[in-house]
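Chemist: My questions all concern the structure below.
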Amino acid sequence: MFAIALDGPAGAGKSTVARLTAEKLNMHYVDTGAIYRTLGLALYRLGVDLEDEKAVEAALPSLDVAIRYQNDVQHMTVNGEDLTKQIRTQEVGTMASVTAVYGCVRDKLLSCQRTLAEQYEVIMDGRDIGTVVLPDAELKIYLTADVKERAKRRFLELEAKNPGTNSLEEIEKQVRERDERDMNRAIAPLRKADDAVEVDTTHMTADEAAQKIVELAVQRKNAG
Ligand code: DC
């Protein structure tokens, strides 16, 4: 099955670009960050200390994380409860990043990601898709952008939802901390796969980035 792996740091535009690309190529978009966010939030709600790996590991069997698609929109559930809306905050992003360092968490979430890529032609975004989840993906993209630009994008996104409640400085700090944690963890750190094409979106619109990926995908498909 043809697959595109799309990795990169927080705020590089992965989800918007992946969604646009999926539409243009009629592929299935899988947001793996949402899977980590869902598990992070579920653990937090259980009162588990997220810094305590043993406590996290002990809680995992009680949590059934599932993905389903409704009108082509990815919905995330835990033990049947839909958490799709609740996971889209900066705080839940941090919960995901903190718990994503544990091997037990990554192991639990690996098979559902691979199963989706066996069922559909996917464009899958995350941190370790090209390096670990789909190492044989036909096309790998490493999407990046300057950290200040990424913080500004997150700020505007959050301000659009709750005007006047966000600080650009604070968001930049959180983005830097998240980069640091995601890139320096021992297991499946964020890094560009050797065979990935780097796309820097600092001065690009999401549509331009998607168009570039579409061109690359068409070339790969024709070559294969
Ligand atoms: O892409 P995002 O902001 O929704 O991801 C939230 C966190 O989840 C991210 O900071 C690290 C973790 N994550 C991961 O470790 N591996 C993935 N494939 C996707 C996300």
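Labels for the structure tokens follow display order: chains A, B, ..., residues from 1 in each chain, ligands from 1.
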Got a sec: who's within 10 Å of A:Thr202, counting only C-alpha atoms, leaving out chain neighbours fewer than 2 positions off, as a list in words?
Modeler: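 Final neighbour list, sorted by chain and number: Ala12, Gly13, Leu143, Thr144, Ala145, Asp146, Val147, Lys148, Glu149, Arg150, Val199, Asp200, Met204 and Thr205 of chain A.
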Chemist: Taking only C-alpha atoms and all ligand atoms into account, which residues are within 7 Å of ligand 1, as a PyMOL selection string?
Modeler: chain A and resi 10+32-34+36-37+93-94+96-97+100-101+125-129+178+182
Chemist: Could you give me, as a PyMOL selection string, each residue of stretch 120-169 of chain A that DSSP assigns to strand (DSSP E) when run on this structure's backbone?
Modeler: chain A and resi 122-126+139-144
Chemist: Please identify all polymer residues within 12 Å of A:Ala22, counting only C-alpha atoms, omitting same-chain residues fewer than 4 positions from it, and present them as a list in words.
Modeler: Ala3, Ile4, Ala5, Leu6, Lys14, Ser15, Thr16, Val17, Ala18, Asn26, Met27, His28, Tyr29, Val30, Asp31, Asp72, Val73, Tyr120, Glu121, Val122, Ile123, Met124, Asp125, Asp207, Ala210, Gln211, Ile213, Val214 and Ala217 of chain A
Chemist: For the selection just defined, write its residues with N, CA, C and O atoms to a file, as a CSV table (one decimal), in the first residue's frame.
Modeler:
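The file below, part-v9.csv, is the result:
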chain,number,residue,atom,x,y,z
A,3,ALA,N,2.3,4.7,0.9
A,3,ALA,CA,2.2,5.5,2.2
A,3,ALA,C,3.2,6.7,2.1
A,3,ALA,O,4.3,6.6,1.6
A,4,ILE,N,2.7,7.8,2.8
A,4,ILE,CA,3.6,8.9,2.9
A,4,ILE,C,3.8,9.1,4.4
A,4,ILE,O,2.8,9.2,5.2
A,5,ALA,N,5.1,9.2,4.8
A,5,ALA,CA,5.4,9.5,6.2
A,5,ALA,C,5.8,10.9,6.4
A,5,ALA,O,6.6,11.4,5.6
A,6,LEU,N,5.1,11.6,7.3
A,6,LEU,CA,5.4,13.1,7.4
A,6,LEU,C,5.7,13.4,8.9
A,6,LEU,O,4.9,13.3,9.8
A,14,LYS,N,2.3,20.3,10.1
A,14,LYS,CA,2.1,18.9,9.7
A,14,LYS,C,0.6,18.6,9.4
A,14,LYS,O,0.3,18.1,8.4
A,15,SER,N,-0.2,18.9,10.4
A,15,SER,CA,-1.6,18.4,10.3
A,15,SER,C,-2.3,19.2,9.1
A,15,SER,O,-3.0,18.5,8.3
A,16,THR,N,-2.1,20.5,9.0
A,16,THR,CA,-2.8,21.2,7.9
A,16,THR,C,-2.3,20.7,6.5
A,16,THR,O,-3.1,20.4,5.6
A,17,VAL,N,-1.0,20.6,6.5
A,17,VAL,CA,-0.4,20.2,5.2
A,17,VAL,C,-0.8,18.7,4.9
A,17,VAL,O,-1.1,18.4,3.7
A,18,ALA,N,-0.8,17.8,5.9
A,18,ALA,CA,-1.2,16.5,5.7
A,18,ALA,C,-2.7,16.4,5.2
A,18,ALA,O,-3.0,15.6,4.3
A,26,ASN,N,-6.4,12.0,-2.6
A,26,ASN,CA,-7.5,11.0,-2.2
A,26,ASN,C,-6.9,9.9,-1.3
A,26,ASN,O,-7.1,8.7,-1.6
A,27,MET,N,-6.1,10.3,-0.3
A,27,MET,CA,-5.5,9.3,0.6
A,27,MET,C,-6.2,9.5,2.0
A,27,MET,O,-6.9,10.5,2.2
A,28,HIS,N,-5.8,8.7,2.9
A,28,HIS,CA,-6.4,8.7,4.2
A,28,HIS,C,-5.4,9.5,5.1
A,28,HIS,O,-4.2,9.1,5.2
A,29,TYR,N,-5.8,10.5,5.9
A,29,TYR,CA,-4.9,11.2,6.7
A,29,TYR,C,-5.0,10.6,8.2
A,29,TYR,O,-6.0,10.5,8.7
A,30,VAL,N,-3.8,10.2,8.7
A,30,VAL,CA,-3.8,9.7,10.1
A,30,VAL,C,-2.9,10.6,10.9
A,30,VAL,O,-1.7,10.8,10.6
A,31,ASP,N,-3.5,11.2,11.9
A,31,ASP,CA,-2.8,12.1,12.8
A,31,ASP,C,-2.4,11.3,14.1
A,31,ASP,O,-3.2,11.0,14.9
A,72,ASP,N,-14.9,10.8,7.2
A,72,ASP,CA,-13.5,11.1,6.9
A,72,ASP,C,-12.7,11.8,8.0
A,72,ASP,O,-11.6,12.3,7.8
A,73,VAL,N,-13.4,12.1,9.1
A,73,VAL,CA,-12.7,12.8,10.2
A,73,VAL,C,-12.3,11.8,11.3
A,73,VAL,O,-13.1,10.9,11.7
A,120,TYR,N,-5.3,1.2,4.5
A,120,TYR,CA,-5.6,2.3,3.6
A,120,TYR,C,-4.3,2.8,3.0
A,120,TYR,O,-3.2,2.7,3.6
A,121,GLU,N,-4.4,3.6,1.9
A,121,GLU,CA,-3.2,4.4,1.5
A,121,GLU,C,-3.2,5.6,2.4
A,121,GLU,O,-4.2,6.4,2.4
A,122,VAL,N,-2.1,5.8,3.2
A,122,VAL,CA,-2.2,6.8,4.2
A,122,VAL,C,-1.1,7.9,4.0
A,122,VAL,O,0.0,7.6,3.5
A,123,ILE,N,-1.4,9.1,4.5
A,123,ILE,CA,-0.4,10.1,4.8
A,123,ILE,C,-0.5,10.2,6.3
A,123,ILE,O,-1.5,10.5,6.8
A,124,MET,N,0.6,9.8,7.0
A,124,MET,CA,0.6,9.7,8.4
A,124,MET,C,1.6,10.7,9.0
A,124,MET,O,2.7,10.8,8.5
A,125,ASP,N,1.1,11.6,9.9
A,125,ASP,CA,2.0,12.5,10.5
A,125,ASP,C,2.4,12.2,11.9
A,125,ASP,O,1.6,11.6,12.6
A,207,ASP,N,-0.7,25.4,1.6
A,207,ASP,CA,-1.1,24.9,0.3
A,207,ASP,C,0.2,24.7,-0.6
A,207,ASP,O,0.2,23.7,-1.3
A,210,ALA,N,1.8,21.5,0.6
A,210,ALA,CA,1.0,20.3,0.2
A,210,ALA,C,1.3,20.1,-1.3
A,210,ALA,O,1.5,18.9,-1.7
A,211,GLN,N,1.3,21.1,-2.1
A,211,GLN,CA,1.5,21.0,-3.6
A,211,GLN,C,2.9,20.3,-3.8
A,211,GLN,O,3.0,19.4,-4.7
A,213,ILE,N,4.5,18.3,-1.9
A,213,ILE,CA,4.4,16.9,-1.5
A,213,ILE,C,3.7,16.1,-2.5
A,213,ILE,O,4.0,14.9,-2.9
A,214,VAL,N,2.6,16.7,-3.1
A,214,VAL,CA,1.8,16.0,-4.1
A,214,VAL,C,2.7,15.7,-5.3
A,214,VAL,O,2.7,14.6,-5.8
A,217,ALA,N,5.0,12.9,-4.5
A,217,ALA,CA,4.2,11.6,-4.4
A,217,ALA,C,3.9,11.1,-5.8
A,217,ALA,O,4.1,9.9,-6.1
Chemist: With a distance cut-off of 10 Å and only C-alpha atoms, select the neighbouring residues of stretch 86-88 of chain A, excluding the residue or stretch itself and same-chain residues fewer than 2 positions from it, and output the selection as JSON, numbers by chain.
Modeler: {"A": [33, 34, 35, 36, 37, 38, 39, 40, 41, 42, 76, 82, 83, 84, 90, 91, 92, 93, 95, 96, 158]}
Chemist: For the residues in the current selection, export N, CA, C and O atoms as a PDB file, in the first residue's frame.
Modeler:
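Produced file selection36.pdb, reproduced below:
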ATOM      1  N   GLY A  33      -0.187  12.171  16.400  1.00  0.00           N
ATOM      2  CA  GLY A  33      -0.094  12.998  17.606  1.00  0.00           C
ATOM      3  C   GLY A  33      -1.381  12.895  18.421  1.00  0.00           C
ATOM      4  O   GLY A  33      -1.366  12.855  19.651  1.00  0.00           O
ATOM      5  N   ALA A  34      -2.515  12.802  17.708  1.00  0.00           N
ATOM      6  CA  ALA A  34      -3.815  12.708  18.393  1.00  0.00           C
ATOM      7  C   ALA A  34      -3.900  11.433  19.229  1.00  0.00           C
ATOM      8  O   ALA A  34      -4.537  11.410  20.283  1.00  0.00           O
ATOM      9  N   ILE A  35      -3.238  10.379  18.772  1.00  0.00           N
ATOM     10  CA  ILE A  35      -3.267   9.108  19.505  1.00  0.00           C
ATOM     11  C   ILE A  35      -2.488   9.268  20.820  1.00  0.00           C
ATOM     12  O   ILE A  35      -2.954   8.875  21.895  1.00  0.00           O
ATOM     13  N   TYR A  36      -1.296   9.893  20.736  1.00  0.00           N
ATOM     14  CA  TYR A  36      -0.500  10.144  21.952  1.00  0.00           C
ATOM     15  C   TYR A  36      -1.210  11.127  22.880  1.00  0.00           C
ATOM     16  O   TYR A  36      -1.163  10.987  24.100  1.00  0.00           O
ATOM     17  N   ARG A  37      -1.848  12.132  22.296  1.00  0.00           N
ATOM     18  CA  ARG A  37      -2.585  13.103  23.117  1.00  0.00           C
ATOM     19  C   ARG A  37      -3.718  12.414  23.888  1.00  0.00           C
ATOM     20  O   ARG A  37      -3.946  12.688  25.072  1.00  0.00           O
ATOM     21  N   THR A  38      -4.426  11.521  23.209  1.00  0.00           N
ATOM     22  CA  THR A  38      -5.571  10.855  23.822  1.00  0.00           C
ATOM     23  C   THR A  38      -5.119  10.010  25.014  1.00  0.00           C
ATOM     24  O   THR A  38      -5.714  10.058  26.091  1.00  0.00           O
ATOM     25  N   LEU A  39      -4.034   9.259  24.802  1.00  0.00           N
ATOM     26  CA  LEU A  39      -3.546   8.426  25.899  1.00  0.00           C
ATOM     27  C   LEU A  39      -3.009   9.303  27.039  1.00  0.00           C
ATOM     28  O   LEU A  39      -3.269   9.026  28.218  1.00  0.00           O
ATOM     29  N   GLY A  40      -2.298  10.378  26.698  1.00  0.00           N
ATOM     30  CA  GLY A  40      -1.774  11.289  27.736  1.00  0.00           C
ATOM     31  C   GLY A  40      -2.895  11.876  28.574  1.00  0.00           C
ATOM     32  O   GLY A  40      -2.833  11.882  29.815  1.00  0.00           O
ATOM     33  N   LEU A  41      -3.949  12.331  27.908  1.00  0.00           N
ATOM     34  CA  LEU A  41      -5.076  12.925  28.644  1.00  0.00           C
ATOM     35  C   LEU A  41      -5.787  11.875  29.495  1.00  0.00           C
ATOM     36  O   LEU A  41      -6.161  12.134  30.645  1.00  0.00           O
ATOM     37  N   ALA A  42      -5.944  10.671  28.957  1.00  0.00           N
ATOM     38  CA  ALA A  42      -6.635   9.618  29.708  1.00  0.00           C
ATOM     39  C   ALA A  42      -5.848   9.259  30.975  1.00  0.00           C
ATOM     40  O   ALA A  42      -6.432   9.075  32.049  1.00  0.00           O
ATOM     41  N   MET A  76     -11.032  10.112  18.164  1.00  0.00           N
ATOM     42  CA  MET A  76     -10.265   9.328  19.132  1.00  0.00           C
ATOM     43  C   MET A  76     -11.144   8.995  20.328  1.00  0.00           C
ATOM     44  O   MET A  76     -11.798   9.883  20.885  1.00  0.00           O
ATOM     45  N   ASP A  82     -15.515   9.598  23.511  1.00  0.00           N
ATOM     46  CA  ASP A  82     -14.899  10.395  22.444  1.00  0.00           C
ATOM     47  C   ASP A  82     -14.180  11.613  23.039  1.00  0.00           C
ATOM     48  O   ASP A  82     -14.807  12.460  23.667  1.00  0.00           O
ATOM     49  N   LEU A  83     -12.853  11.677  22.847  1.00  0.00           N
ATOM     50  CA  LEU A  83     -12.065  12.790  23.416  1.00  0.00           C
ATOM     51  C   LEU A  83     -11.494  13.697  22.312  1.00  0.00           C
ATOM     52  O   LEU A  83     -10.597  14.498  22.564  1.00  0.00           O
ATOM     53  N   THR A  84     -12.019  13.558  21.100  1.00  0.00           N
ATOM     54  CA  THR A  84     -11.461  14.266  19.938  1.00  0.00           C
ATOM     55  C   THR A  84     -11.296  15.768  20.179  1.00  0.00           C
ATOM     56  O   THR A  84     -10.276  16.355  19.804  1.00  0.00           O
ATOM     57  N   GLN A  90      -2.814  23.084  24.387  1.00  0.00           N
ATOM     58  CA  GLN A  90      -1.373  23.109  24.580  1.00  0.00           C
ATOM     59  C   GLN A  90      -0.973  22.173  25.741  1.00  0.00           C
ATOM     60  O   GLN A  90       0.024  21.467  25.677  1.00  0.00           O
ATOM     61  N   GLU A  91      -1.801  22.162  26.793  1.00  0.00           N
ATOM     62  CA  GLU A  91      -1.512  21.328  27.983  1.00  0.00           C
ATOM     63  C   GLU A  91      -1.531  19.843  27.608  1.00  0.00           C
ATOM     64  O   GLU A  91      -0.680  19.075  28.049  1.00  0.00           O
ATOM     65  N   VAL A  92      -2.509  19.455  26.820  1.00  0.00           N
ATOM     66  CA  VAL A  92      -2.586  18.031  26.437  1.00  0.00           C
ATOM     67  C   VAL A  92      -1.411  17.676  25.512  1.00  0.00           C
ATOM     68  O   VAL A  92      -0.884  16.571  25.573  1.00  0.00           O
ATOM     69  N   GLY A  93      -0.952  18.640  24.719  1.00  0.00           N
ATOM     70  CA  GLY A  93       0.247  18.416  23.896  1.00  0.00           C
ATOM     71  C   GLY A  93       1.439  18.074  24.781  1.00  0.00           C
ATOM     72  O   GLY A  93       2.232  17.178  24.471  1.00  0.00           O
ATOM     73  N   MET A  95       1.236  16.788  27.864  1.00  0.00           N
ATOM     74  CA  MET A  95       0.984  15.456  28.468  1.00  0.00           C
ATOM     75  C   MET A  95       1.405  14.361  27.485  1.00  0.00           C
ATOM     76  O   MET A  95       1.993  13.345  27.878  1.00  0.00           O
ATOM     77  N   ALA A  96       1.098  14.580  26.200  1.00  0.00           N
ATOM     78  CA  ALA A  96       1.459  13.592  25.174  1.00  0.00           C
ATOM     79  C   ALA A  96       2.972  13.485  25.053  1.00  0.00           C
ATOM     80  O   ALA A  96       3.537  12.385  25.018  1.00  0.00           O
ATOM     81  N   LEU A 158      -4.349  29.295  18.751  1.00  0.00           N
ATOM     82  CA  LEU A 158      -4.989  29.288  20.076  1.00  0.00           C
ATOM     83  C   LEU A 158      -5.777  30.580  20.308  1.00  0.00           C
ATOM     84  O   LEU A 158      -6.850  30.560  20.902  1.00  0.00           O
TER      85      LEU A 158
END
Chemist: Could you give me, as a ChimeraX atom specification, the residues within 10 Å of A:Asp64, counting only C-alpha atoms and dropping anything in the same chain fewer than 5 positions from it?
Modeler: /A:39,42,77-81,108
Chemist: May I ask which of the residues A:Thr201, A:Asn222, A:Thr165, A:Thr115 is the closest one to A:Ile141, counting only C-alpha atoms?
Modeler: A:Thr201
Chemist: Taking only C-alpha atoms into account, which of A:Cys112, A:Gly130, A:Asp195, A:Arg45 comes nearest A:Arg68?
Modeler: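 Using only C-alpha atoms, A:Arg68 sits closest to A:Cys112.
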Chemist: In terms of the shortest atom-to-atom distance over only C-alpha atoms, which of A:Ala151, A:Tyr142, A:Ala188, A:Pro135 is closest to A:Val105?
Modeler: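 So, comparing all the options, the nearest one is A:Ala188.
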Chemist: Using only C-alpha atoms, which of the listed residues (A:Ala209, A:Gly11, A:Lys85, A:Ser62) sits closest to A:Phe155?
Modeler: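 The answer is A:Gly11, which sits nearest to A:Phe155.
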Chemist: As JSON, numbers by chain, which residues of stretch 66-213 of chain A does DSSP assign to helix (DSSP H, G or I)?
Modeler: {"A": [90, 91, 92, 93, 94, 95, 96, 97, 98, 99, 103, 104, 105, 106, 107, 108, 109, 110, 111, 112, 113, 114, 115, 116, 117, 118, 119, 129, 130, 131, 132, 133, 147, 148, 149, 150, 151, 152, 153, 154, 155, 156, 157, 158, 159, 160, 161, 168, 169, 170, 171, 172, 173, 174, 175, 176, 177, 178, 179, 180, 181, 182, 183, 184, 206, 207, 208, 209, 210, 211, 212, 213]}
Chemist: For A:Ala193, which of A:Ala137, A:Leu20, A:Glu53, A:Cys104 is the closest residue, counting only C-alpha atoms?
Modeler: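 Of A:Ala137, A:Leu20, A:Glu53, A:Cys104, the one nearest A:Ala193, counting only C-alpha atoms, is A:Ala137.
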Chemist: Considering only C-alpha atoms, can you say which of A:Ile67, A:Val56, A:Glu169, A:Gly164 comes closest to A:Arg106?
Modeler: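 Answer, going by the shortest atom-to-atom distance: A:Val56.
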Chemist: Rounded to one decimal in Å, what is the spacing between atom CA of A:Leu134 and atom CA of A:Lys221?
Modeler: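 Interatomic distance, atom CA of A:Leu134 to atom CA of A:Lys221: 16.8 Å.
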